[in-house]
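Participant: Mind looking over this structure? Questions follow.
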4 protein chains.
Amino acid sequence: MLVVMQSHATEEEVRAVCARIEALGFRAHPIPGAARTAIGITGNSGAMDIGSLESMPGVAECIQVSKPYKLVSRDAKPENTVVRVPAPCGDVTFGGQAIAIIAGPCAIETREQALTIAEQVRHAGARLFRGGAFKPRTSPYSFQGLGLAGLEILAEVRDRFGMGIVTEAVDNESLDLVEEHADVIQIGARNMQNFSLLKRAGRARKPVLLKRGLSATLDEFLMAAEYILSEGNYNVILCERGVRTFTDHTRNTLDLSVIPAVQRLSHLPIIVDPSHGTGRRNKVLPLSRAAVAVGADGIIAEVHHDPDRALSDGPQSILPGEFARLVEEVRAIASVLGRTVG
Amino acid sequence: MLVVMQSHATEEEVRAVCARIEALGFRAHPIPGAARTAIGITGNSGAMDIGSLESMPGVAECIQVSKPYKLVSRDAKPENTVVRVPAPCGDVTFGGQAIAIIAGPCAIETREQALTIAEQVRHAGARLFRGGAFKPRTSPYSFQGLGLAGLEILAEVRDRFGMGIVTEAVDNESLDLVEEHADVIQIGARNMQNFSLLKRAGRARKPVLLKRGLSATLDEFLMAAEYILSEGNYNVILCERGVRTFTDHTRNTLDLSVIPAVQRLSHLPIIVDPSHGTGRRNKVLPLSRAAVAVGADGIIAEVHHDPDRALSDGPQSILPGEFARLVEEVRAIASVLGRTVG
Amino acid sequence: MLVVMQSHATEEEVRAVCARIEALGFRAHPIPGAARTAIGITGNSGAMDIGSLESMPGVAECIQVSKPYKLVSRDAKPENTVVRVPAPCGDVTFGGQAIAIIAGPCAIETREQALTIAEQVRHAGARLFRGGAFKPRTSPYSFQGLGLAGLEILAEVRDRFGMGIVTEAVDNESLDLVEEHADVIQIGARNMQNFSLLKRAGRARKPVLLKRGLSATLDEFLMAAEYILSEGNYNVILCERGVRTFTDHTRNTLDLSVIPAVQRLSHLPIIVDPSHGTGRRNKVLPLSRAAVAVGADGIIAEVHHDPDRALSDGPQSILPGEFARLVEEVRAIASVLGRTVG
Amino acid sequence: MLVVMQSHATEEEVRAVCARIEALGFRAHPIPGAARTAIGITGNSGAMDIGSLESMPGVAECIQVSKPYKLVSRDAKPENTVVRVPAPCGDVTFGGQAIAIIAGPCAIETREQALTIAEQVRHAGARLFRGGAFKPRTSPYSFQGLGLAGLEILAEVRDRFGMGIVTEAVDNESLDLVEEHADVIQIGARNMQNFSLLKRAGRARKPVLLKRGLSATLDEFLMAAEYILSEGNYNVILCERGVRTFTDHTRNTLDLSVIPAVQRLSHLPIIVDPSHGTGRRNKVLPLSRAAVAVGADGIIAEVHHDPDRALSDGPQSILPGEFARLVEEVRAIASVLGRTVG
């Protein structure tokens with residue numbers, strides 16, 4: 001359920017409604033908006049004495065929510081959430097007028113590899129750097145990432161190039177480390193319904209980049225985000241990265257229709273990963289253009305200076321030169337929609 | 001197998017090679033290209049005496065084709081096929097620099113309905129009109145189309161507004177009629193592997209718009225086109241219209257990655273149907289932008305002036321005003337790619 | 001809509017209700033049942049004056065049908081339809097207590113091939129012989145079947161071994177021929193929504209074996225059958241043959257749960273094709289056992305005496321000896337369910 | 001890579017080969033078989049000096065493994081693995097001649113609920129009890145399980161009815177508790193690629209029941225098991241529970257063809273969950289019969305005495321009376337295959 005406050009409601013009135021909700025044994029989530037505050041109510045629901053809330057000072061109305069998600073819903077917050085990621089070279093925002101670009105290798109392999117790629121993508125305009133230190137791999141015998149050493153290399157990338165760092169956490173232990181060293185905590189597709197990890201991310205003080213699962217419906221995707229918000233972390237960036245279908249000409253099928261679908265239902269920003277979404281280097285550029293044209297709030301792309309020797313996902317990594325062209329093309333498409341890149 | 005002729009080969013040399021192929025019991029398909037002619041060989045394959053062909057005057061090389069498609073392949077014809085549709089108000093091309101737009105209702109319901117919509121989409125810039133006279137419907141009790149009367153209404157649309165006509169054939173009998181009355185023969189998704197109909201379309205003298213089946217792989221899609229080309233009709237326009245997956249936020253999942261995939265393998269033009277591809281009015285506009293951004297050669301959109309009363313597919317039809325906006329946005333995206341609309 | 005007659009209603013009363021329905025501009029389908037007659041009403045529906053029908057003599061009730069299918073529904077006919085196929089060596093029934101077995105090669109290749117296989121599957125207990133004379137093939141360059149010559153070979157199989165003949169029609173022309181020469185007309189998966197062909201099959205005087213499309217939902221499958229019944233042919237046998245999914249360990253994913261699902265909603269018999277359903281010889285036997293265990297009314301299996309040289313579908317054809325074992329195992333499973341094989 | 005020892009190789013020779021492998025920087029996994037011992041080699045592979053191993057005393061051959069899985073492969077261990085679960089009322093085996101049955105509610109809700117259901121399924125013949133104490137739920141607001149209190153109720157079920165306990169772990173913390181209190185550690189479908197959890201399960205001293213992910217290929221499923229074995233726990237029971245497809249008549253599509261596919265490639269036992277596999281109470285019985293007919297090594301079924309009030313998965317839970325019938329029917333099918341139940 002949602003309690004919508006009047007536009008002139010005082011902070012004290014909001015606090016009083018929250019206190020009543022908590023007294024009833026539920027949890028209150030005040031969500032300040034541009035014009036008014038809404039208060040999401042979560043807990044082991046069932047019947048609630050709505051009357052007692054509706055008659056409190058400052059309350060405009062109580063809305064019974066039919067969809068299973070509450071805090072991620074536009075009912076709770078009509079205007080877009082803008083997630084701000086502080087990077088030394090300037091804050092990057094997701095969900096505002098600007099389109100954000102995240103670039104870097106699939107995995108951090110060596111200090112040299114990371115610095116080489118970082119320099120080039122920074123030069124092409126990227127202000128956020130991606131690179132896995134903890135890698136979820138299908139095979140236990142594949143390269144599993146450098147772990148803490150990888151995070152330290154990423155910290156050096158931040159220091160040298162002023163870029164913000166986006167990197168994946170795969171369990172509670174790695175999330176502790178990622179939260180400490182990185183600027184955005186990534187939750188991968190295979191962990192989209194690792195509810196224990198989502199709850200931990202909901203208690204983190206850094207934004208979370210949540211990737212859609214390989215066979216996740218729109219509702220399941222939004223409910224995974226709801227897990228994070230329900231623990232108090234409202235800075236969630238969604239990411240479409242392709243779903244699994246019968247097709248075989250790409251590794252996954254990039255579902256661009258989910259972008260406008262999410263934007264109707266939720267206030268959260270959503271970006272696109274054309275690298276995993278296609279699994280083919282020669283598809284990354286056209287699908288990046290399409291992603292921006294459909295209305296995505298950003299792109300996350302895998303870039304490697306020597307993809308044939310990459311320890312993971314080489315076939316879908318683009319070269320730094322291709323990435324520079326990607327930024328140019330995305331910028332041109334963005335301007336048609338009245339948006340900028342950066 | 002393909003025989004690639006030397007760039008300076010004479011017509012006589014090409015004819016001689018064809019004659020030798022036919023004498024061996026196979027069928028020869030000479031495919032003139034900008035720089036050279038290739039000759040596709042089809043028939044109940046197996047072993048062939050390549051040697052005798054390779055030594056003939058004017059032959060550059062013989063290529064054993066590993067992919068199952070031959071005539072639709074870029075190996076057979078490296079440059080794009082440009083399909084030209086003559087419309088009274090000016091020819092429309094698919095596969096060239098310009099992006100083609102086809103618009104109109106799902107089904108022709110009445111003369112008034114067709115003329116009303118035609119006037120509005122023509123005014124917004126469309127030069128090709130779509131509208132079904134023969135409708136493949138899931139239920140035998142649903143509106144099945146006006147048949148010949150619908151074709152006569154379409155002929156009136158051509159006369160009054162100068163538009164070219166695109167309409168579907170569902171069996172050999174309706175194909176005869178469509179070939180006589182329309183400018184482009186559409187083969188629907190449910191008939192993509194109706195091989196008897198494909199062969200008949202291959203003997204037609206009008207271009208064919210071939211829609212991808214609901215669960216067709218890229219190879220199956222191209223092989224369906226190969227059926228048409230193998231009968232002698234090389235004017236085939238492919239159309240991505242969404243595939244069936246587990247997702248439920250759209251009626252189908254529009255697979256935009258198939259556009260660059262087709263363009264790598266085949267010389268045939270490919271367009272996108274965002275109406276069937278999403279099944280949701282509010283998704284047509286963003287996915288049309290994305291389709292052009294990814295590189296499609298055209299858009300086919302359902303437009304209805306009164307979608308709530310449409311006899312079929314109302315929920316995915318856009319209003320004429322929305323269509324005018326679609327043309328504007330598509331034009332802006334196209335210009336970024338150095339293309340025009342019309 | 002359905003009109004359910006009283007159990008003691010006379011034939012004259014049934015005729016009077018049908019006449020009234022036709023006078024109202026609809027089509028009446030009287031469906032005699034064991035205890036009572038139901039009358040299906042089809043036509044371009046919308047509002048109907050139910051009152052005038054409900055008050056007629058002999059009418060028990062009028063049921064508004066919510067599901068899109070009418071004639072195939074158990075609402076129209078609560079008891080199972082038993083389709084009887086007359087074979088010289090004894091009638092074969094689908095939908096009764098006995099489980100029917102259809103066996104033979106994918107395609108009729110030569111007279112010798114057909115007779116060799118027929119003798120062996122007849123010896124193992126099969127009384128219905130399958131074999132394609134008209135083959136829908138993905139490639140125009142693959143073997144397309146012997147056509148009429150194939151049908152004549154099948155006629156010889158019937159004469160020599162007393163078996164009933166099941167073979168596929170792919171268009172109206174081949175359906176005319178198949179109706180003349182065979183005992184069951186097969187409509188293949190790729191033609192499940194070839195509505196023109198379904199209507200023609202609905203006017204045939206032979207039973208129809210309708211295969212589920214590669215991506216057909218349960219509703220679409222039943223609606224395809226509805227097309228056939230709505231034209232007057234009530235002898236339809238449904239066939240599950242696997243659907244297309246992301247999995248790659250089998251050619252298709254055999255959806256055995258559709259068997260009890262169909263049996264709840266429809267009175268029509270349903271059989272299973274484990275050969276196309278798996279595409280792997282070594283899976284045919286276990287999945288045949290499972291099909292009978294789940295409640296299927298029959299099995300259709302591809303058998304070839306020399307699968308390595310088969311012109312189509314060799315990898316999924318079992319050897320005659322394996323087929324004999326299949327019959328034995330299916331018989332043993334059937335007896336657990338109180339059913340027989342034959 | 002696999003080193004296959006001669007059948008008469010001594011333990012000392014096996015130890016020497018293992019030592020050489022470890023000295024080369026790899027990990028050795030001796031896998032004793034009925035006739036011979038195989039030694040799996042894992043580690044960050046690449047080139048290996050095979051020669052030095054092949055010439056050691058007692059070595060029969062070195063096999064380069066092409067498939068990505070090693071320890072789960074039949075190449076490593078040709079005969080079936082039989083996983084033994086000790087239950088007070090008698091050991092239960094998976095992968096031998098007997099078919100194992102696991103039954104109980106989706107979630108442990110109260111002590112009374114658990115004891116009521118346990119008594120009834122024990123009476124019907126089940127010797128293993130399932131019931132979730134930690135529940136992975138799509139919504140953060142749904143019942144999340146009783147946690148430790150649930151495990152204590154399960155311990156009481158073991159004490160009172162002599163049943164072995166199967167229950168799910170969702171993260172490292174719950175796995176510690178489950179390992180302490182239960183007899184089989186279940187890893188759910190949504191955690192099939194939670195590699196951190198798989199590694200922890202690989203270090204547990206209890207058997208692991210690993211469910212197939214919603215969109216897992218056969219290779220991914222076996223690789224998830226490989227994670228567990230690679231950490232030293234060889235007692236893994238696989239479980240097919242339905243995959244996600246376009247179909248809508250069941251919650252998931254039960255892929256019974258994966259049973260014989262797994263059995264060809266791997267020595268591990270595999271069971272079927274017809275409750276999640278269909279999501280429909282009325283499909284559980286026929287699909288259980290089919291599962292045993294296709295060759296599954298067991299069934300895990302959800303049973304609830306009051307499914308309409310179940311806190312989770314009520315619509316797919318069968319009643320105790322239906323479960324008793326399931327056991328009878330499964331026993332009859334099993335006897336056809338020369339197997340027993342228990």
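We label chains A, B, ... in the order they appear in the structure tokens, count residues from 1 in each chain, and number ligands from 1 in the order shown.
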I want to know what sits within 12 Å of His123 (chain D), based on only C-alpha atoms, with residues of the same chain fewer than 4 positions away left out; could you give that as an mmCIF file with C-alpha atoms, in the first residue's frame?
Facilitator:
data_model
loop_
_atom_site.group_PDB
_atom_site.id
_atom_site.type_symbol
_atom_site.label_atom_id
_atom_site.label_comp_id
_atom_site.auth_asym_id
_atom_site.auth_seq_id
_atom_site.Cartn_x
_atom_site.Cartn_y
_atom_site.Cartn_z
ATOM 1 C CA ALA D 103 7.440 -35.606 -0.364
ATOM 2 C CA THR D 116 0.346 -33.610 9.858
ATOM 3 C CA ILE D 117 1.756 -33.854 6.356
ATOM 4 C CA ALA D 118 4.771 -35.898 7.408
ATOM 5 C CA GLU D 119 2.590 -38.508 9.078
ATOM 6 C CA ARG D 127 10.991 -42.037 3.570
ATOM 7 C CA LEU D 128 12.345 -38.583 2.732
ATOM 8 C CA PHE D 129 10.568 -35.394 3.787
ATOM 9 C CA PHE D 161 8.628 -40.475 11.772
ATOM 10 C CA GLY D 162 12.139 -41.683 11.008
ATOM 11 C CA MET D 163 12.243 -39.743 7.766
ATOM 12 C CA PRO D 320 -2.105 -36.694 0.851
ATOM 13 C CA GLY D 321 -4.676 -39.013 -0.723
ATOM 14 C CA PHE D 323 0.091 -38.710 -3.060
ATOM 15 C CA ALA D 324 -0.789 -42.211 -1.916
ATOM 16 C CA VAL D 327 3.113 -43.867 -5.034
#
Participant: Lys211 (chain C): which residues within 8 Å, counting only C-alpha atoms, same-chain residues fewer than 6 positions away excluded, as a PDB file with C-alpha atoms, in the first residue's frame?
Facilitator:
ATOM      1  CA  GLN C 186      -1.662 -35.571 -41.997  1.00  0.00           C
ATOM      2  CA  ILE C 187      -1.262 -31.791 -41.591  1.00  0.00           C
ATOM      3  CA  GLY C 188       2.320 -31.019 -40.552  1.00  0.00           C
ATOM      4  CA  ALA C 189       3.580 -28.699 -37.833  1.00  0.00           C
ATOM      5  CA  MET C 192      -0.739 -25.874 -38.400  1.00  0.00           C
ATOM      6  CA  LEU C 238      -4.116 -34.173 -32.411  1.00  0.00           C
ATOM      7  CA  CYS C 239      -0.371 -34.823 -32.228  1.00  0.00           C
ATOM      8  CA  GLU C 240       2.277 -33.382 -29.907  1.00  0.00           C
ATOM      9  CA  ARG C 241       5.657 -33.388 -31.719  1.00  0.00           C
TER      10      ARG C 241
END
Participant: Counting only C-alpha atoms, collect the residues of chain C whose closest atom lies at most 10 Å from chain A, and write them out as a PDB file with N, CA and C atoms, in the first residue's frame.
Facilitator:
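See out16.pdb below for the written result:
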ATOM      1  N   ARG C 244       9.640 -25.579 -29.900  1.00  0.00           N
ATOM      2  CA  ARG C 244      10.965 -24.981 -30.011  1.00  0.00           C
ATOM      3  C   ARG C 244      11.283 -24.170 -28.755  1.00  0.00           C
ATOM      4  N   THR C 245      12.402 -24.482 -28.136  1.00  0.00           N
ATOM      5  CA  THR C 245      12.833 -23.780 -26.930  1.00  0.00           C
ATOM      6  C   THR C 245      14.325 -23.500 -27.036  1.00  0.00           C
ATOM      7  N   PHE C 246      14.904 -22.997 -25.950  1.00  0.00           N
ATOM      8  CA  PHE C 246      16.335 -22.680 -25.948  1.00  0.00           C
ATOM      9  C   PHE C 246      17.204 -23.937 -25.834  1.00  0.00           C
ATOM     10  N   THR C 247      16.628 -25.072 -25.451  1.00  0.00           N
ATOM     11  CA  THR C 247      17.456 -26.253 -25.176  1.00  0.00           C
ATOM     12  C   THR C 247      18.121 -26.761 -26.445  1.00  0.00           C
ATOM     13  N   ASP C 248      19.264 -27.419 -26.278  1.00  0.00           N
ATOM     14  CA  ASP C 248      20.006 -27.897 -27.443  1.00  0.00           C
ATOM     15  C   ASP C 248      20.358 -29.371 -27.368  1.00  0.00           C
TER      16      ASP C 248
END
Participant: Identify, on the basis of only C-alpha atoms, every residue whose closest approach to region 136-153 of chain A does not exceed 8 Å; exclude the query and any residue fewer than 4 positions from it along the same chain; express the result as a PyMOL selection string.
Facilitator: (chain A and resi 107-111+114+132+157+170+177-178+181-182+311-312) or (chain D and resi 42-45+68-69+193-195+220+223-224+226-227+230)
Participant: Write out as JSON, numbers by chain the set of residues from region 70-298 of chain B that DSSP, computed on the backbone, places in helix (DSSP H, G or I).
Facilitator: {"B": [111, 112, 113, 114, 115, 116, 117, 118, 119, 120, 121, 122, 123, 124, 148, 149, 150, 151, 152, 153, 154, 155, 156, 157, 158, 159, 160, 161, 172, 173, 174, 175, 176, 177, 178, 179, 180, 181, 189, 190, 191, 195, 196, 197, 198, 199, 200, 201, 202, 218, 219, 220, 221, 222, 223, 224, 225, 226, 227, 228, 229, 230, 258, 259, 260, 261, 262, 263, 264, 265, 274, 275, 276, 277, 278, 281, 282, 283, 284, 285, 286, 287, 288, 289, 290, 291, 292, 293, 294]}
Participant: Hey, what does DSSP flag as strand (DSSP E or B) within region 69-292 of chain A? Can you give it to me as a ChimeraX atom specification?
Facilitator: /A:73,83-85,92-94,98-104,107,128-130,132,164-168,184-187,208-211,236-240,243,253,266,270-272
Participant: Would you mind exporting N, CA and C atoms of the selected residues as a tab-separated table (two decimals), in the first residue's frame?
Facilitator:
chain	number	residue	atom	x	y	z
A	73	SER	N	7.70	1.37	-8.18
A	73	SER	CA	6.60	1.75	-9.08
A	73	SER	C	6.49	3.25	-9.27
A	83	VAL	N	20.03	8.58	-10.61
A	83	VAL	CA	21.09	8.02	-9.76
A	83	VAL	C	22.40	8.73	-10.10
A	84	ARG	N	23.02	9.28	-9.08
A	84	ARG	CA	24.25	10.05	-9.27
A	84	ARG	C	25.44	9.22	-8.81
A	85	VAL	N	26.42	9.05	-9.69
A	85	VAL	CA	27.64	8.32	-9.34
A	85	VAL	C	28.79	9.31	-9.33
A	92	VAL	N	28.55	11.32	-12.74
A	92	VAL	CA	27.80	10.73	-13.86
A	92	VAL	C	26.39	10.45	-13.36
A	93	THR	N	25.38	10.79	-14.16
A	93	THR	CA	24.01	10.54	-13.73
A	93	THR	C	23.32	9.56	-14.66
A	94	PHE	N	22.42	8.78	-14.07
A	94	PHE	CA	21.60	7.82	-14.81
A	94	PHE	C	20.13	8.19	-14.58
A	98	ALA	N	21.13	13.25	-19.55
A	98	ALA	CA	22.35	12.71	-20.17
A	98	ALA	C	22.33	11.19	-20.22
A	99	ILE	N	22.95	10.66	-21.26
A	99	ILE	CA	23.10	9.22	-21.42
A	99	ILE	C	24.48	8.84	-20.92
A	100	ALA	N	24.53	7.87	-20.00
A	100	ALA	CA	25.79	7.49	-19.37
A	100	ALA	C	26.45	6.34	-20.12
A	101	ILE	N	27.77	6.36	-20.16
A	101	ILE	CA	28.53	5.31	-20.85
A	101	ILE	C	29.48	4.66	-19.86
A	102	ILE	N	29.40	3.33	-19.79
A	102	ILE	CA	30.33	2.55	-18.96
A	102	ILE	C	31.11	1.65	-19.91
A	103	ALA	N	32.43	1.62	-19.76
A	103	ALA	CA	33.23	0.81	-20.68
A	103	ALA	C	34.42	0.21	-19.97
A	104	GLY	N	34.88	-0.91	-20.51
A	104	GLY	CA	36.04	-1.58	-19.95
A	104	GLY	C	35.99	-3.06	-20.28
A	107	ALA	N	36.85	-8.83	-17.76
A	107	ALA	CA	37.54	-9.14	-16.51
A	107	ALA	C	38.84	-8.35	-16.41
A	128	LEU	N	33.02	6.18	-16.66
A	128	LEU	CA	32.87	5.05	-15.76
A	128	LEU	C	33.57	3.84	-16.37
A	129	PHE	N	34.32	3.13	-15.54
A	129	PHE	CA	35.12	1.99	-15.99
A	129	PHE	C	34.54	0.71	-15.41
A	130	ARG	N	34.35	-0.29	-16.26
A	130	ARG	CA	33.89	-1.57	-15.78
A	130	ARG	C	35.02	-2.60	-15.90
A	132	GLY	N	35.64	-6.93	-14.23
A	132	GLY	CA	35.30	-7.87	-13.18
A	132	GLY	C	36.51	-8.32	-12.39
A	164	GLY	N	35.03	6.68	-12.44
A	164	GLY	CA	34.28	5.92	-11.45
A	164	GLY	C	34.34	4.44	-11.80
A	165	ILE	N	34.22	3.57	-10.79
A	165	ILE	CA	34.43	2.14	-10.98
A	165	ILE	C	33.12	1.36	-10.79
A	166	VAL	N	32.82	0.49	-11.78
A	166	VAL	CA	31.65	-0.39	-11.72
A	166	VAL	C	32.17	-1.82	-11.75
A	167	THR	N	31.85	-2.60	-10.72
A	167	THR	CA	32.36	-3.98	-10.72
A	167	THR	C	31.41	-4.88	-9.95
A	168	GLU	N	31.48	-6.17	-10.29
A	168	GLU	CA	30.47	-7.11	-9.84
A	168	GLU	C	30.80	-7.75	-8.49
A	184	VAL	N	30.05	1.73	-8.07
A	184	VAL	CA	28.76	1.09	-8.37
A	184	VAL	C	28.94	-0.41	-8.19
A	185	ILE	N	27.99	-1.02	-7.46
A	185	ILE	CA	28.02	-2.47	-7.21
A	185	ILE	C	27.17	-3.15	-8.26
A	186	GLN	N	27.79	-4.00	-9.07
A	186	GLN	CA	27.03	-4.70	-10.09
A	186	GLN	C	26.55	-6.05	-9.57
A	187	ILE	N	25.25	-6.35	-9.84
A	187	ILE	CA	24.70	-7.70	-9.57
A	187	ILE	C	24.44	-8.31	-10.93
A	208	VAL	N	23.53	0.48	-7.06
A	208	VAL	CA	23.56	-0.90	-7.53
A	208	VAL	C	23.14	-0.94	-8.99
A	209	LEU	N	23.94	-1.63	-9.81
A	209	LEU	CA	23.59	-1.89	-11.21
A	209	LEU	C	23.06	-3.31	-11.26
A	210	LEU	N	21.76	-3.47	-11.54
A	210	LEU	CA	21.11	-4.79	-11.48
A	210	LEU	C	20.81	-5.28	-12.89
A	211	LYS	N	21.43	-6.39	-13.28
A	211	LYS	CA	21.21	-6.93	-14.62
A	211	LYS	C	20.01	-7.88	-14.63
A	236	VAL	N	19.16	2.39	-7.61
A	236	VAL	CA	19.27	1.18	-8.42
A	236	VAL	C	19.19	1.57	-9.89
A	237	ILE	N	20.12	1.04	-10.68
A	237	ILE	CA	20.14	1.21	-12.13
A	237	ILE	C	19.85	-0.17	-12.73
A	238	LEU	N	18.80	-0.26	-13.53
A	238	LEU	CA	18.47	-1.53	-14.17
A	238	LEU	C	19.29	-1.68	-15.45
A	239	CYS	N	19.47	-2.93	-15.90
A	239	CYS	CA	20.25	-3.16	-17.12
A	239	CYS	C	19.69	-4.34	-17.91
A	240	GLU	N	19.25	-4.06	-19.15
A	240	GLU	CA	18.85	-5.14	-20.08
A	240	GLU	C	20.10	-5.68	-20.75
A	243	VAL	N	18.01	-11.81	-23.35
A	243	VAL	CA	17.36	-12.96	-22.72
A	243	VAL	C	17.59	-14.19	-23.58
A	253	THR	N	19.12	-12.81	-26.93
A	253	THR	CA	18.27	-11.93	-27.73
A	253	THR	C	18.04	-10.65	-26.94
A	266	SER	N	8.06	2.05	-13.94
A	266	SER	CA	8.99	2.34	-12.85
A	266	SER	C	9.69	3.68	-13.07
A	270	ILE	N	17.22	2.80	-16.67
A	270	ILE	CA	17.56	1.51	-17.27
A	270	ILE	C	18.54	1.72	-18.42
A	271	ILE	N	19.59	0.90	-18.41
A	271	ILE	CA	20.62	0.97	-19.46
A	271	ILE	C	20.66	-0.36	-20.22
A	272	VAL	N	21.50	-0.41	-21.25
A	272	VAL	CA	21.57	-1.60	-22.11
A	272	VAL	C	23.02	-2.08	-22.22
Participant: Which is closest to Pro260 (chain A) among A:Ala296, A:Cys62, A:Val284, A:Ala301, if we use only C-alpha atoms?
Facilitator: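 That would be A:Ala296, the residue with the smallest distance to Pro260 (chain A).
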Participant: Show which residues sit within 8 Å of Ser288 (chain D), as a CSV table (one decimal) with C-alpha atoms, in the first residue's frame. Count only C-alpha atoms, and ignore same-chain residues fewer than 4 positions away.
Facilitator:
chain,number,residue,atom,x,y,z
D,272,VAL,CA,12.0,-35.1,-11.4
D,274,PRO,CA,6.5,-32.7,-11.3
D,284,VAL,CA,1.4,-34.0,-11.0
D,292,VAL,CA,9.4,-42.9,-14.0
D,299,ILE,CA,10.3,-38.1,-7.7
D,326,LEU,CA,0.9,-41.4,-6.9
D,330,VAL,CA,4.7,-45.0,-9.8
Participant: Would you mind listing what lies within 6 Å of Gly277 (chain D) as a VMD selection string, with only C-alpha atoms counted and same-chain residues fewer than 5 positions away left out?
Facilitator: chain D and resid 241 to 242 252 254
Participant: Write out the residues from the selection above, keeping C-alpha atoms, as a compact mmCIF listing (two decimals), in the first residue's frame.
Facilitator:
# COMPACT_ATOMS: atom_id res chain seq x y z
CA ARG D 241 11.97 -29.18 -12.54
CA GLY D 242 10.77 -27.63 -15.76
CA ASN D 252 7.05 -24.39 -16.66
CA LEU D 254 8.87 -30.24 -17.91
Participant: Quick one: of D:Ala291, D:Leu214, D:Ala225, D:Ala169, who's nearest to Ser257 (chain D), counting only C-alpha atoms?
Facilitator: D:Ala291
Participant: Report, in Å to a single decimal, how far apart CA of Ala23 (chain A) and CA of Glu61 (chain A) are.
Facilitator: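 Distance between the two atoms: 19.5 Å.
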Participant: Mind pulling up the distance from CA of Asp159 (chain A) to CA of Glu322 (chain A)?
Facilitator: 25.2 Å
Participant: So that I can check the surroundings of region 5-19 of chain B, please list as JSON, numbers by chain every protein, DNA and RNA residue that reaches within 12 Å of it, counting only C-alpha atoms and ignoring chain neighbours fewer than 5 positions away.
Facilitator: {"B": [24, 25, 26, 27, 28, 29, 30, 31, 32, 33, 34, 35, 36, 37, 38, 39, 40, 41, 42, 50, 52, 53, 54, 55, 56, 57, 58, 59, 60, 61, 62, 63, 76, 77]}
Participant: Figure out the distance between CA of Leu197 (chain A) and CA of Gly131 (chain D), please, to one decimal in Å.
Facilitator: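 Between CA of Gly131 (chain D) and CA of Leu197 (chain A) the gap works out to 22.4 Å.
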Participant: Hey, which of A:Lys70, A:Arg325, A:Arg158, A:Lys135 ends up closest to Pro86 (chain A)? Count only C-alpha atoms.
Facilitator: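 Nearest candidate to Pro86 (chain A) out of A:Lys70, A:Arg325, A:Arg158, A:Lys135: A:Arg158.
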Participant: Rank D:Ile333, D:Lys206, D:Pro269, D:Ser317 by their smallest atom-to-atom distance to Arg289 (chain C), using only C-alpha atoms, and report the top residue only.
Facilitator: D:Ile333
